[in-house]
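See structure below.
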Amino acid sequence: MSETNNNNQELKTAPRKKLGRKLDAVGWGLFFIWIGIAVLADVGWGPGLIGVGLIILGGLVAREYLSDSACSMTTKASC
């Protein structure tokens, strides 16, 4: 019985893992593109770091919005 339950959990988590990998890839891509733009345009440290922060926050919001789990980001510690 537990083996069947374990297989069901694996089937449910596989799409989430795939989505997580895609979001990570998009985040890293945006990060490197932004770093390239910031260096070439010589925007300085302030706007450069604000851009990196926005990329990180955008990734977290996308992960939270696209997640179908019962646990939200604010309740991860209790799950």
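Ligands are numbered from 1 in the order shown, chains are lettered A, B, ... in the order of the structure tokens, and residues start at 1 in each chain.
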Could you name the residues that touch Gly59 of chain A at 9 Å or less, counting only C-alpha atoms, but leaving out those on the same chain fewer than 3 positions away, as a list in words?
Leu23, Asp24, Val26, Gly27, Leu54, Ile55, Ile56, Ala62, Arg63 and Glu64 of chain A
Excluding segment 31-39 of chain A and any residue of its chain fewer than 5 positions from it, enumerate the residues within 8 Å of it, using only C-alpha atoms, and give them as a ChimeraX atom specification.
/A:44,48,51-52,55
How about saving the chosen residues, N, CA and C atoms kept, as a short mmCIF file (atom, residue, chain, number, x, y, z; two decimals), in the first residue's frame?
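To be explicit, this is the file written out as out.cif:
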data_model
loop_
_atom_site.label_atom_id
_atom_site.label_comp_id
_atom_site.auth_asym_id
_atom_site.auth_seq_id
_atom_site.Cartn_x
_atom_site.Cartn_y
_atom_site.Cartn_z
N GLY A 44 26.05 51.52 -12.91
CA GLY A 44 26.45 51.71 -11.52
C GLY A 44 25.93 50.59 -10.64
N GLY A 48 22.13 48.47 -10.70
CA GLY A 48 22.47 47.08 -11.01
C GLY A 48 21.94 46.13 -9.96
N GLY A 51 18.14 45.89 -10.01
CA GLY A 51 17.71 44.98 -11.06
C GLY A 51 17.83 43.52 -10.66
N VAL A 52 18.93 43.18 -10.01
CA VAL A 52 19.12 41.80 -9.53
C VAL A 52 18.05 41.46 -8.50
N ILE A 55 14.78 40.79 -10.19
CA ILE A 55 14.79 39.47 -10.83
C ILE A 55 14.52 38.38 -9.80
#
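Here atom CA of Leu40 of chain A and atom CA of Leu57 of chain A stand 23.5 Å from one another.
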